[in-house]
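Shown below: coords_37.txt, with compact mmCIF, N, CA and C atoms.
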```
# COMPACT_ATOMS: atom_id res chain seq x y z
N VAL P 1 -9.49 -30.47 19.72
CA VAL P 1 -8.40 -29.87 18.98
C VAL P 1 -8.76 -29.81 17.48
N ALA P 2 -9.34 -30.92 16.98
CA ALA P 2 -9.72 -30.95 15.57
C ALA P 2 -10.80 -29.93 15.27
N LEU P 3 -11.73 -29.75 16.21
CA LEU P 3 -12.79 -28.78 16.04
C LEU P 3 -12.23 -27.36 15.99
N LEU P 4 -11.28 -27.08 16.88
CA LEU P 4 -10.64 -25.76 16.90
C LEU P 4 -9.87 -25.53 15.60
N GLY P 5 -9.15 -26.54 15.12
CA GLY P 5 -8.43 -26.42 13.86
C GLY P 5 -9.36 -26.18 12.69
N GLY P 6 -10.49 -26.89 12.68
CA GLY P 6 -11.48 -26.69 11.62
C GLY P 6 -12.08 -25.29 11.66
N ALA P 7 -12.33 -24.78 12.86
CA ALA P 7 -12.89 -23.43 13.00
C ALA P 7 -11.88 -22.38 12.52
N LEU P 8 -10.61 -22.57 12.86
CA LEU P 8 -9.58 -21.63 12.41
C LEU P 8 -9.42 -21.66 10.90
N LEU P 9 -9.47 -22.86 10.32
CA LEU P 9 -9.38 -22.98 8.87
C LEU P 9 -10.57 -22.31 8.20
N ALA P 10 -11.76 -22.53 8.75
CA ALA P 10 -12.96 -21.90 8.18
C ALA P 10 -12.87 -20.38 8.27
N ALA P 11 -12.35 -19.88 9.39
CA ALA P 11 -12.21 -18.43 9.55
C ALA P 11 -11.22 -17.86 8.54
N GLN P 12 -10.11 -18.57 8.32
CA GLN P 12 -9.12 -18.10 7.34
C GLN P 12 -9.69 -18.14 5.93
N LEU P 13 -10.43 -19.19 5.60
CA LEU P 13 -11.03 -19.27 4.27
C LEU P 13 -12.06 -18.16 4.08
N ARG P 14 -12.84 -17.88 5.10
CA ARG P 14 -13.82 -16.79 5.01
C ARG P 14 -13.11 -15.46 4.81
N ARG P 15 -12.04 -15.24 5.57
CA ARG P 15 -11.28 -13.99 5.42
C ARG P 15 -10.67 -13.90 4.03
N TRP P 16 -10.11 -15.01 3.55
CA TRP P 16 -9.51 -15.03 2.21
C TRP P 16 -10.57 -14.71 1.16
N TRP P 17 -11.77 -15.32 1.30
CA TRP P 17 -12.85 -15.04 0.35
C TRP P 17 -13.24 -13.57 0.43
N TRP P 18 -13.33 -13.00 1.62
CA TRP P 18 -13.73 -11.61 1.81
C TRP P 18 -12.72 -10.68 1.12
N LEU P 19 -11.44 -11.01 1.27
CA LEU P 19 -10.41 -10.18 0.64
C LEU P 19 -10.39 -10.33 -0.88
N ARG P 20 -10.89 -11.45 -1.37
CA ARG P 20 -10.84 -11.71 -2.81
C ARG P 20 -11.94 -11.03 -3.60
N ARG P 21 -12.82 -10.29 -2.93
CA ARG P 21 -13.87 -9.61 -3.68
C ARG P 21 -13.20 -8.70 -4.71
N ASN P 22 -13.65 -8.78 -5.92
CA ASN P 22 -12.99 -8.06 -7.01
C ASN P 22 -13.56 -6.66 -7.17
N ARG P 23 -13.08 -5.77 -6.33
CA ARG P 23 -13.48 -4.38 -6.48
C ARG P 23 -12.61 -3.68 -7.52
N PHE P 24 -11.39 -4.14 -7.64
CA PHE P 24 -10.43 -3.57 -8.58
C PHE P 24 -9.74 -4.72 -9.31
N PRO P 25 -9.12 -4.44 -10.45
CA PRO P 25 -8.35 -5.51 -11.11
C PRO P 25 -7.31 -6.07 -10.15
N ARG P 26 -7.16 -7.37 -10.15
CA ARG P 26 -6.30 -8.06 -9.18
C ARG P 26 -5.15 -8.77 -9.88
N VAL P 27 -3.96 -8.60 -9.32
CA VAL P 27 -2.79 -9.34 -9.78
C VAL P 27 -2.91 -10.76 -9.25
N PRO P 28 -2.87 -11.77 -10.11
CA PRO P 28 -3.01 -13.14 -9.62
C PRO P 28 -1.82 -13.55 -8.76
N GLY P 29 -2.11 -14.36 -7.76
CA GLY P 29 -1.06 -14.84 -6.87
C GLY P 29 -1.51 -16.10 -6.17
N TRP P 30 -0.65 -16.63 -5.31
CA TRP P 30 -0.95 -17.85 -4.56
C TRP P 30 -1.89 -17.53 -3.40
N PRO P 31 -2.74 -18.49 -3.01
CA PRO P 31 -3.56 -18.27 -1.81
C PRO P 31 -2.67 -17.99 -0.60
N TRP P 32 -3.05 -17.06 0.18
CA TRP P 32 -2.41 -16.53 1.37
C TRP P 32 -1.06 -15.89 1.07
N PHE P 33 -0.17 -16.51 0.34
CA PHE P 33 1.14 -15.92 0.06
C PHE P 33 1.03 -14.76 -0.92
N GLY P 34 0.03 -14.81 -1.78
CA GLY P 34 -0.16 -13.74 -2.75
C GLY P 34 0.98 -13.67 -3.75
N VAL P 35 1.52 -12.48 -3.91
CA VAL P 35 2.54 -12.24 -4.93
C VAL P 35 3.94 -12.08 -4.32
N VAL P 36 4.11 -12.57 -3.10
CA VAL P 36 5.39 -12.37 -2.41
C VAL P 36 6.56 -12.90 -3.22
N ALA P 37 6.39 -13.97 -3.97
CA ALA P 37 7.48 -14.53 -4.77
C ALA P 37 7.93 -13.57 -5.87
N ASP P 38 7.01 -12.73 -6.36
CA ASP P 38 7.36 -11.77 -7.41
C ASP P 38 8.06 -10.54 -6.86
N LEU P 39 7.94 -10.30 -5.55
CA LEU P 39 8.47 -9.07 -4.97
C LEU P 39 9.67 -9.29 -4.07
N ILE P 40 10.21 -10.50 -4.02
CA ILE P 40 11.33 -10.80 -3.12
C ILE P 40 12.60 -10.07 -3.55
N ASP P 41 12.87 -10.02 -4.84
CA ASP P 41 14.10 -9.41 -5.34
C ASP P 41 13.95 -7.88 -5.32
N PRO P 42 14.69 -7.16 -4.47
CA PRO P 42 14.53 -5.71 -4.38
C PRO P 42 14.85 -4.97 -5.68
N GLU P 43 15.72 -5.55 -6.51
CA GLU P 43 16.06 -4.88 -7.77
C GLU P 43 14.94 -4.98 -8.79
N LYS P 44 14.05 -5.94 -8.62
CA LYS P 44 12.94 -6.11 -9.55
C LYS P 44 11.63 -5.53 -9.01
N LEU P 45 11.65 -4.98 -7.81
CA LEU P 45 10.42 -4.48 -7.19
C LEU P 45 9.77 -3.39 -8.02
N CYS P 46 10.49 -2.33 -8.32
CA CYS P 46 9.90 -1.22 -9.09
C CYS P 46 9.50 -1.64 -10.51
N PRO P 47 10.36 -2.35 -11.25
CA PRO P 47 9.92 -2.79 -12.58
C PRO P 47 8.67 -3.69 -12.53
N THR P 48 8.58 -4.53 -11.51
CA THR P 48 7.41 -5.41 -11.39
C THR P 48 6.16 -4.59 -11.13
N LEU P 49 6.24 -3.64 -10.19
CA LEU P 49 5.08 -2.79 -9.89
C LEU P 49 4.68 -1.96 -11.11
N GLU P 50 5.66 -1.47 -11.85
CA GLU P 50 5.35 -0.69 -13.06
C GLU P 50 4.67 -1.57 -14.11
N ALA P 51 5.15 -2.80 -14.28
CA ALA P 51 4.52 -3.71 -15.24
C ALA P 51 3.08 -4.03 -14.82
N TRP P 52 2.86 -4.25 -13.52
CA TRP P 52 1.50 -4.50 -13.03
C TRP P 52 0.63 -3.27 -13.24
N SER P 53 1.20 -2.10 -13.08
CA SER P 53 0.44 -0.87 -13.30
C SER P 53 -0.04 -0.77 -14.74
N ARG P 54 0.85 -1.13 -15.67
CA ARG P 54 0.45 -1.11 -17.08
C ARG P 54 -0.59 -2.19 -17.38
N SER P 55 -0.44 -3.37 -16.78
CA SER P 55 -1.33 -4.48 -17.07
C SER P 55 -2.67 -4.41 -16.35
N TYR P 56 -2.65 -4.00 -15.08
CA TYR P 56 -3.85 -4.07 -14.26
C TYR P 56 -4.37 -2.70 -13.82
N GLY P 57 -3.59 -1.65 -14.01
CA GLY P 57 -3.96 -0.36 -13.45
C GLY P 57 -4.58 0.62 -14.42
N ALA P 58 -5.22 0.13 -15.48
CA ALA P 58 -5.82 1.04 -16.46
C ALA P 58 -6.86 1.95 -15.83
N GLY P 59 -7.56 1.47 -14.80
CA GLY P 59 -8.57 2.27 -14.11
C GLY P 59 -7.99 3.16 -13.03
N GLY P 60 -6.69 3.12 -12.85
CA GLY P 60 -6.04 3.97 -11.85
C GLY P 60 -5.73 3.26 -10.55
N ILE P 61 -6.36 2.10 -10.29
CA ILE P 61 -6.14 1.35 -9.06
C ILE P 61 -6.13 -0.13 -9.39
N PHE P 62 -5.22 -0.87 -8.77
CA PHE P 62 -5.26 -2.32 -8.84
C PHE P 62 -4.92 -2.85 -7.47
N GLU P 63 -5.12 -4.13 -7.26
CA GLU P 63 -4.87 -4.71 -5.95
C GLU P 63 -4.11 -6.02 -6.08
N PHE P 64 -3.43 -6.37 -4.98
CA PHE P 64 -2.76 -7.66 -4.91
C PHE P 64 -2.69 -8.10 -3.46
N ASP P 65 -2.51 -9.39 -3.26
CA ASP P 65 -2.38 -9.95 -1.92
C ASP P 65 -0.91 -10.15 -1.61
N LEU P 66 -0.53 -9.78 -0.40
CA LEU P 66 0.85 -9.94 0.03
C LEU P 66 0.83 -10.54 1.43
N VAL P 67 1.07 -11.82 1.51
CA VAL P 67 1.10 -12.58 2.76
C VAL P 67 -0.16 -12.31 3.59
N GLY P 68 -1.31 -12.52 2.97
CA GLY P 68 -2.57 -12.40 3.67
C GLY P 68 -3.13 -10.99 3.77
N GLU P 69 -2.41 -10.00 3.31
CA GLU P 69 -2.88 -8.61 3.36
C GLU P 69 -3.28 -8.15 1.97
N ARG P 70 -4.40 -7.49 1.87
CA ARG P 70 -4.85 -6.90 0.61
C ARG P 70 -4.16 -5.54 0.46
N ILE P 71 -3.46 -5.36 -0.65
CA ILE P 71 -2.74 -4.12 -0.91
C ILE P 71 -3.38 -3.44 -2.12
N LEU P 72 -3.73 -2.17 -1.95
CA LEU P 72 -4.22 -1.38 -3.08
C LEU P 72 -3.07 -0.56 -3.61
N ALA P 73 -2.89 -0.59 -4.91
CA ALA P 73 -1.87 0.23 -5.56
C ALA P 73 -2.59 1.28 -6.40
N VAL P 74 -2.31 2.53 -6.11
CA VAL P 74 -2.95 3.63 -6.82
C VAL P 74 -1.93 4.19 -7.79
N CYS P 75 -2.27 4.17 -9.08
CA CYS P 75 -1.31 4.60 -10.09
C CYS P 75 -1.85 5.78 -10.91
N ASP P 76 -2.77 6.54 -10.32
CA ASP P 76 -3.32 7.70 -10.98
C ASP P 76 -3.54 8.78 -9.92
N TYR P 77 -3.01 9.97 -10.17
CA TYR P 77 -3.07 11.02 -9.16
C TYR P 77 -4.50 11.43 -8.82
N GLU P 78 -5.40 11.40 -9.78
CA GLU P 78 -6.79 11.78 -9.51
C GLU P 78 -7.44 10.81 -8.51
N HIS P 79 -7.07 9.53 -8.56
CA HIS P 79 -7.58 8.57 -7.58
C HIS P 79 -6.86 8.70 -6.24
N LEU P 80 -5.64 9.19 -6.27
CA LEU P 80 -4.84 9.30 -5.07
C LEU P 80 -5.22 10.51 -4.21
N LYS P 81 -5.66 11.60 -4.82
CA LYS P 81 -5.96 12.82 -4.07
C LYS P 81 -6.93 12.60 -2.92
N PRO P 82 -8.09 11.92 -3.12
CA PRO P 82 -8.98 11.73 -1.97
C PRO P 82 -8.36 10.87 -0.87
N LEU P 83 -7.52 9.91 -1.24
CA LEU P 83 -6.87 9.08 -0.23
C LEU P 83 -5.86 9.89 0.58
N LEU P 84 -5.12 10.75 -0.09
CA LEU P 84 -4.15 11.58 0.62
C LEU P 84 -4.83 12.54 1.58
N SER P 85 -6.02 13.00 1.23
CA SER P 85 -6.72 13.92 2.12
C SER P 85 -7.18 13.23 3.40
N MET P 86 -7.28 11.90 3.40
CA MET P 86 -7.70 11.17 4.59
C MET P 86 -6.52 10.79 5.49
N ARG P 87 -5.29 10.90 4.98
CA ARG P 87 -4.11 10.54 5.77
C ARG P 87 -3.83 11.63 6.77
N PRO P 88 -3.36 11.34 7.91
CA PRO P 88 -3.15 10.05 8.55
C PRO P 88 -4.24 9.71 9.56
N PHE P 89 -5.34 10.45 9.53
CA PHE P 89 -6.35 10.27 10.58
C PHE P 89 -7.41 9.24 10.23
N ARG P 90 -8.01 9.32 9.04
CA ARG P 90 -9.04 8.36 8.65
C ARG P 90 -8.47 7.18 7.89
N MET P 91 -7.28 7.32 7.37
CA MET P 91 -6.63 6.23 6.65
C MET P 91 -5.23 6.09 7.22
N THR P 92 -4.99 4.97 7.88
CA THR P 92 -3.71 4.76 8.55
C THR P 92 -3.02 3.52 8.00
N ARG P 93 -1.82 3.32 8.46
CA ARG P 93 -1.06 2.15 8.04
C ARG P 93 -1.68 0.88 8.61
N SER P 94 -1.35 -0.22 7.99
CA SER P 94 -1.81 -1.53 8.45
C SER P 94 -1.39 -1.75 9.90
N SER P 95 -2.29 -2.31 10.69
CA SER P 95 -1.95 -2.59 12.09
C SER P 95 -0.81 -3.59 12.19
N LYS P 96 -0.68 -4.47 11.19
CA LYS P 96 0.42 -5.43 11.20
C LYS P 96 1.76 -4.72 11.01
N LEU P 97 1.79 -3.70 10.16
CA LEU P 97 3.02 -2.95 9.96
C LEU P 97 3.38 -2.19 11.23
N VAL P 98 2.41 -1.59 11.86
CA VAL P 98 2.66 -0.84 13.08
C VAL P 98 3.13 -1.77 14.19
N SER P 99 2.55 -2.97 14.29
CA SER P 99 2.90 -3.89 15.37
C SER P 99 4.32 -4.45 15.22
N THR P 100 4.89 -4.39 14.02
CA THR P 100 6.26 -4.88 13.84
C THR P 100 7.29 -3.95 14.45
N GLY P 101 6.92 -2.70 14.67
CA GLY P 101 7.85 -1.75 15.24
C GLY P 101 8.71 -1.05 14.21
N ILE P 102 8.49 -1.30 12.93
CA ILE P 102 9.29 -0.67 11.88
C ILE P 102 9.13 0.84 11.93
N ALA P 103 7.92 1.31 12.23
CA ALA P 103 7.68 2.74 12.27
C ALA P 103 8.54 3.42 13.32
N ASP P 104 8.86 2.72 14.41
CA ASP P 104 9.71 3.31 15.44
C ASP P 104 11.18 3.30 15.04
N LEU P 105 11.57 2.36 14.19
CA LEU P 105 12.96 2.27 13.76
C LEU P 105 13.29 3.25 12.65
N VAL P 106 12.30 3.62 11.84
CA VAL P 106 12.52 4.50 10.71
C VAL P 106 11.79 5.82 10.98
N PRO P 107 12.49 6.79 11.56
CA PRO P 107 11.81 8.05 11.86
C PRO P 107 11.57 8.85 10.59
N GLY P 108 10.60 9.71 10.63
CA GLY P 108 10.36 10.59 9.50
C GLY P 108 8.93 10.57 9.03
N LEU P 109 8.66 11.42 8.08
CA LEU P 109 7.31 11.66 7.59
C LEU P 109 6.63 10.43 7.04
N PHE P 110 7.37 9.51 6.46
CA PHE P 110 6.76 8.37 5.80
C PHE P 110 6.29 7.28 6.77
N MET P 111 6.70 7.33 8.00
CA MET P 111 6.33 6.28 8.94
C MET P 111 5.51 6.76 10.14
N VAL P 112 5.40 8.05 10.36
CA VAL P 112 4.67 8.53 11.53
C VAL P 112 3.18 8.66 11.23
N GLU P 113 2.38 8.73 12.28
CA GLU P 113 0.93 8.85 12.16
C GLU P 113 0.43 9.98 13.05
N GLY P 114 -0.79 10.38 12.82
CA GLY P 114 -1.49 11.32 13.70
C GLY P 114 -0.83 12.67 13.84
N ARG P 115 -0.78 13.15 15.07
CA ARG P 115 -0.27 14.50 15.36
C ARG P 115 1.19 14.66 14.92
N ARG P 116 2.02 13.62 15.15
CA ARG P 116 3.43 13.70 14.74
C ARG P 116 3.53 13.87 13.23
N TRP P 117 2.66 13.21 12.47
CA TRP P 117 2.66 13.34 11.02
C TRP P 117 2.35 14.79 10.63
N GLY P 118 1.36 15.39 11.27
CA GLY P 118 0.97 16.76 10.95
C GLY P 118 2.11 17.75 11.14
N VAL P 119 2.84 17.60 12.22
CA VAL P 119 3.96 18.49 12.50
C VAL P 119 5.05 18.32 11.43
N GLN P 120 5.41 17.09 11.15
CA GLN P 120 6.47 16.85 10.17
C GLN P 120 6.03 17.24 8.76
N ARG P 121 4.77 17.05 8.46
CA ARG P 121 4.27 17.42 7.13
C ARG P 121 4.38 18.93 6.91
N ARG P 122 4.03 19.70 7.91
CA ARG P 122 4.14 21.17 7.77
C ARG P 122 5.59 21.59 7.55
N LEU P 123 6.52 20.87 8.14
CA LEU P 123 7.93 21.21 7.96
C LEU P 123 8.45 20.85 6.57
N THR P 124 7.98 19.75 6.01
CA THR P 124 8.53 19.28 4.74
C THR P 124 7.72 19.68 3.51
N ALA P 125 6.49 20.12 3.69
CA ALA P 125 5.62 20.43 2.55
C ALA P 125 6.22 21.45 1.58
N PRO P 126 6.86 22.52 2.05
CA PRO P 126 7.42 23.48 1.09
C PRO P 126 8.43 22.86 0.12
N ALA P 127 9.16 21.86 0.55
CA ALA P 127 10.16 21.23 -0.33
C ALA P 127 9.51 20.43 -1.45
N PHE P 128 8.23 20.08 -1.29
CA PHE P 128 7.55 19.28 -2.30
C PHE P 128 6.48 20.07 -3.05
N SER P 129 6.52 21.38 -2.96
CA SER P 129 5.58 22.19 -3.74
C SER P 129 5.92 22.06 -5.22
N ALA P 130 4.97 22.40 -6.08
CA ALA P 130 5.19 22.26 -7.52
C ALA P 130 6.39 23.10 -7.97
N ARG P 131 6.51 24.31 -7.47
CA ARG P 131 7.63 25.19 -7.86
C ARG P 131 8.97 24.59 -7.43
N ALA P 132 9.03 24.06 -6.20
CA ALA P 132 10.29 23.49 -5.71
C ALA P 132 10.67 22.25 -6.50
N VAL P 133 9.69 21.40 -6.77
CA VAL P 133 9.99 20.16 -7.51
C VAL P 133 10.45 20.50 -8.93
N GLN P 134 9.81 21.47 -9.58
CA GLN P 134 10.22 21.85 -10.92
C GLN P 134 11.63 22.41 -10.94
N SER P 135 12.05 23.04 -9.85
CA SER P 135 13.40 23.62 -9.81
C SER P 135 14.48 22.56 -9.69
N TYR P 136 14.24 21.47 -8.95
CA TYR P 136 15.29 20.47 -8.80
C TYR P 136 15.07 19.18 -9.59
N LEU P 137 13.95 19.04 -10.26
CA LEU P 137 13.70 17.84 -11.04
C LEU P 137 14.72 17.63 -12.16
N PRO P 138 15.13 18.66 -12.91
CA PRO P 138 16.15 18.43 -13.96
C PRO P 138 17.46 17.88 -13.42
N ASP P 139 17.84 18.30 -12.20
CA ASP P 139 19.09 17.78 -11.61
C ASP P 139 18.96 16.32 -11.23
N ILE P 140 17.76 15.92 -10.80
CA ILE P 140 17.55 14.54 -10.39
C ILE P 140 17.45 13.62 -11.60
N CYS P 141 16.69 14.06 -12.60
CA CYS P 141 16.46 13.20 -13.78
C CYS P 141 17.60 13.25 -14.79
N GLY P 142 18.47 14.21 -14.65
CA GLY P 142 19.62 14.27 -15.54
C GLY P 142 19.30 14.93 -16.78
```
Please re-express this file's structure in structure tokens.
Amino acid sequence: VALLGGALLAAQLRRWWWLRRNRFPRVPGWPWFGVVADLIDPEKLCPTLEAWSRSYGAGGIFEFDLVGERILAVCDYEHLKPLLSMRPFRMTRSSKLVSTGIADLVPGLFMVEGRRWGVQRRLTAPAFSARAVQSYLPDICG
């Protein structure tokens, strides 16, 4: 039992080290828990992400750990374009998110993958064209 526990601990430490490679600026957080304590309050979620974007996202991308998962935050459209072109076939949602069943509970373009995503994207894309957004943006922003 002790040997199995030691092997599991070693595997977790190796995974944690692998995720900690500094490819992008990283928001500091607790081991394994990451920054979950900073994101618990839903009213502070957007201001916190915006502050991190200003502090860590000068290169357009920063990363943080959230309960053992490495999260990349892209805060520059030029960095986002290649990632969007890979969705939803070469770049998909985390398997942990899919396994929770949330995608089945929340229907729509933001949670579907693969062929279903393609169909829904074709239906909604005209509403998000530059001309359409420019027409209704003043009403939204006031």
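With only the atoms specified (all atoms listed in the file) counting, those residues at most 7 Å away from (-3.7, 13.2, 10.3) are Met86, Arg87, Pro88, Phe89, Arg90, Glu113, Gly114, Arg115, Trp117 and Gly118 of chain P.
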For each of P:Pro126, P:Pro82, P:Pro42, P:Pro25, take the minimum atom-to-atom distance to Gly60 in chain P, counting only C-alpha atoms, then give the residue where this is smallest.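 Closest to Gly60 in chain P, using only C-alpha atoms: P:Pro25.
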Among range 42-87 of chain P, which ones does DSSP place in alpha helix (DSSP H), written as a PDB file with N, CA and C atoms, in the frame of the given file?
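Everything below was put into out.pdb:
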```
ATOM      1  N   PRO P  42      14.690  -7.160  -4.470  1.00  0.00           N
ATOM      2  CA  PRO P  42      14.530  -5.710  -4.380  1.00  0.00           C
ATOM      3  C   PRO P  42      14.850  -4.970  -5.680  1.00  0.00           C
ATOM      4  N   GLU P  43      15.720  -5.550  -6.510  1.00  0.00           N
ATOM      5  CA  GLU P  43      16.060  -4.880  -7.770  1.00  0.00           C
ATOM      6  C   GLU P  43      14.940  -4.980  -8.790  1.00  0.00           C
ATOM      7  N   LYS P  44      14.050  -5.940  -8.620  1.00  0.00           N
ATOM      8  CA  LYS P  44      12.940  -6.110  -9.550  1.00  0.00           C
ATOM      9  C   LYS P  44      11.630  -5.530  -9.010  1.00  0.00           C
ATOM     10  N   LEU P  45      11.650  -4.980  -7.810  1.00  0.00           N
ATOM     11  CA  LEU P  45      10.420  -4.480  -7.190  1.00  0.00           C
ATOM     12  C   LEU P  45       9.770  -3.390  -8.020  1.00  0.00           C
ATOM     13  N   CYS P  46      10.490  -2.330  -8.320  1.00  0.00           N
ATOM     14  CA  CYS P  46       9.900  -1.220  -9.090  1.00  0.00           C
ATOM     15  C   CYS P  46       9.500  -1.640 -10.510  1.00  0.00           C
ATOM     16  N   PRO P  47      10.360  -2.350 -11.250  1.00  0.00           N
ATOM     17  CA  PRO P  47       9.920  -2.790 -12.580  1.00  0.00           C
ATOM     18  C   PRO P  47       8.670  -3.690 -12.530  1.00  0.00           C
ATOM     19  N   THR P  48       8.580  -4.530 -11.510  1.00  0.00           N
ATOM     20  CA  THR P  48       7.410  -5.410 -11.390  1.00  0.00           C
ATOM     21  C   THR P  48       6.160  -4.590 -11.130  1.00  0.00           C
ATOM     22  N   LEU P  49       6.240  -3.640 -10.190  1.00  0.00           N
ATOM     23  CA  LEU P  49       5.080  -2.790  -9.890  1.00  0.00           C
ATOM     24  C   LEU P  49       4.680  -1.960 -11.110  1.00  0.00           C
ATOM     25  N   GLU P  50       5.660  -1.470 -11.850  1.00  0.00           N
ATOM     26  CA  GLU P  50       5.350  -0.690 -13.060  1.00  0.00           C
ATOM     27  C   GLU P  50       4.670  -1.570 -14.110  1.00  0.00           C
ATOM     28  N   ALA P  51       5.150  -2.800 -14.280  1.00  0.00           N
ATOM     29  CA  ALA P  51       4.520  -3.710 -15.240  1.00  0.00           C
ATOM     30  C   ALA P  51       3.080  -4.030 -14.820  1.00  0.00           C
ATOM     31  N   TRP P  52       2.860  -4.250 -13.520  1.00  0.00           N
ATOM     32  CA  TRP P  52       1.500  -4.500 -13.030  1.00  0.00           C
ATOM     33  C   TRP P  52       0.630  -3.270 -13.240  1.00  0.00           C
ATOM     34  N   SER P  53       1.200  -2.100 -13.080  1.00  0.00           N
ATOM     35  CA  SER P  53       0.440  -0.870 -13.300  1.00  0.00           C
ATOM     36  C   SER P  53      -0.040  -0.770 -14.740  1.00  0.00           C
ATOM     37  N   ARG P  54       0.850  -1.130 -15.670  1.00  0.00           N
ATOM     38  CA  ARG P  54       0.450  -1.110 -17.080  1.00  0.00           C
ATOM     39  C   ARG P  54      -0.590  -2.190 -17.380  1.00  0.00           C
ATOM     40  N   SER P  55      -0.440  -3.370 -16.780  1.00  0.00           N
ATOM     41  CA  SER P  55      -1.330  -4.480 -17.070  1.00  0.00           C
ATOM     42  C   SER P  55      -2.670  -4.410 -16.350  1.00  0.00           C
ATOM     43  N   TYR P  56      -2.650  -4.000 -15.080  1.00  0.00           N
ATOM     44  CA  TYR P  56      -3.850  -4.070 -14.260  1.00  0.00           C
ATOM     45  C   TYR P  56      -4.370  -2.700 -13.820  1.00  0.00           C
ATOM     46  N   TYR P  77      -3.010   9.970 -10.170  1.00  0.00           N
ATOM     47  CA  TYR P  77      -3.070  11.020  -9.160  1.00  0.00           C
ATOM     48  C   TYR P  77      -4.500  11.430  -8.820  1.00  0.00           C
ATOM     49  N   GLU P  78      -5.400  11.400  -9.780  1.00  0.00           N
ATOM     50  CA  GLU P  78      -6.790  11.780  -9.510  1.00  0.00           C
ATOM     51  C   GLU P  78      -7.440  10.810  -8.510  1.00  0.00           C
ATOM     52  N   HIS P  79      -7.070   9.530  -8.560  1.00  0.00           N
ATOM     53  CA  HIS P  79      -7.580   8.570  -7.580  1.00  0.00           C
ATOM     54  C   HIS P  79      -6.860   8.700  -6.240  1.00  0.00           C
ATOM     55  N   LEU P  80      -5.640   9.190  -6.270  1.00  0.00           N
ATOM     56  CA  LEU P  80      -4.840   9.300  -5.070  1.00  0.00           C
ATOM     57  C   LEU P  80      -5.220  10.510  -4.210  1.00  0.00           C
ATOM     58  N   LYS P  81      -5.660  11.600  -4.820  1.00  0.00           N
ATOM     59  CA  LYS P  81      -5.960  12.820  -4.070  1.00  0.00           C
ATOM     60  C   LYS P  81      -6.930  12.600  -2.920  1.00  0.00           C
ATOM     61  N   PRO P  82      -8.090  11.920  -3.120  1.00  0.00           N
ATOM     62  CA  PRO P  82      -8.980  11.730  -1.970  1.00  0.00           C
ATOM     63  C   PRO P  82      -8.360  10.870  -0.870  1.00  0.00           C
ATOM     64  N   LEU P  83      -7.520   9.910  -1.240  1.00  0.00           N
ATOM     65  CA  LEU P  83      -6.870   9.080  -0.230  1.00  0.00           C
ATOM     66  C   LEU P  83      -5.860   9.890   0.580  1.00  0.00           C
ATOM     67  N   LEU P  84      -5.120  10.750  -0.090  1.00  0.00           N
ATOM     68  CA  LEU P  84      -4.150  11.580   0.620  1.00  0.00           C
ATOM     69  C   LEU P  84      -4.830  12.540   1.580  1.00  0.00           C
ATOM     70  N   SER P  85      -6.020  13.000   1.230  1.00  0.00           N
ATOM     71  CA  SER P  85      -6.720  13.920   2.120  1.00  0.00           C
ATOM     72  C   SER P  85      -7.180  13.230   3.400  1.00  0.00           C
ATOM     73  N   MET P  86      -7.280  11.900   3.400  1.00  0.00           N
ATOM     74  CA  MET P  86      -7.700  11.170   4.590  1.00  0.00           C
ATOM     75  C   MET P  86      -6.520  10.790   5.490  1.00  0.00           C
TER      76      MET P  86
END
```
Which of P:Val67, P:Leu137, P:Ala130, P:Leu8 sits closest to Val35 in chain P [using only C-alpha atoms]: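 So, comparing all the options, the nearest one is P:Val67.
Between CA of Leu4 in chain P and atom C of Phe33 in chain P the separation is 24.0 Å.
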For Asp65 in chain P, which residue among P:Trp52, P:Tyr77, P:Phe128, P:Trp32 is the nearest when counting only N, CA and C atoms? P:Trp32
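As for atom C of Leu49 in chain P and atom C of Ala37 in chain P, they are spaced 13.1 Å apart.
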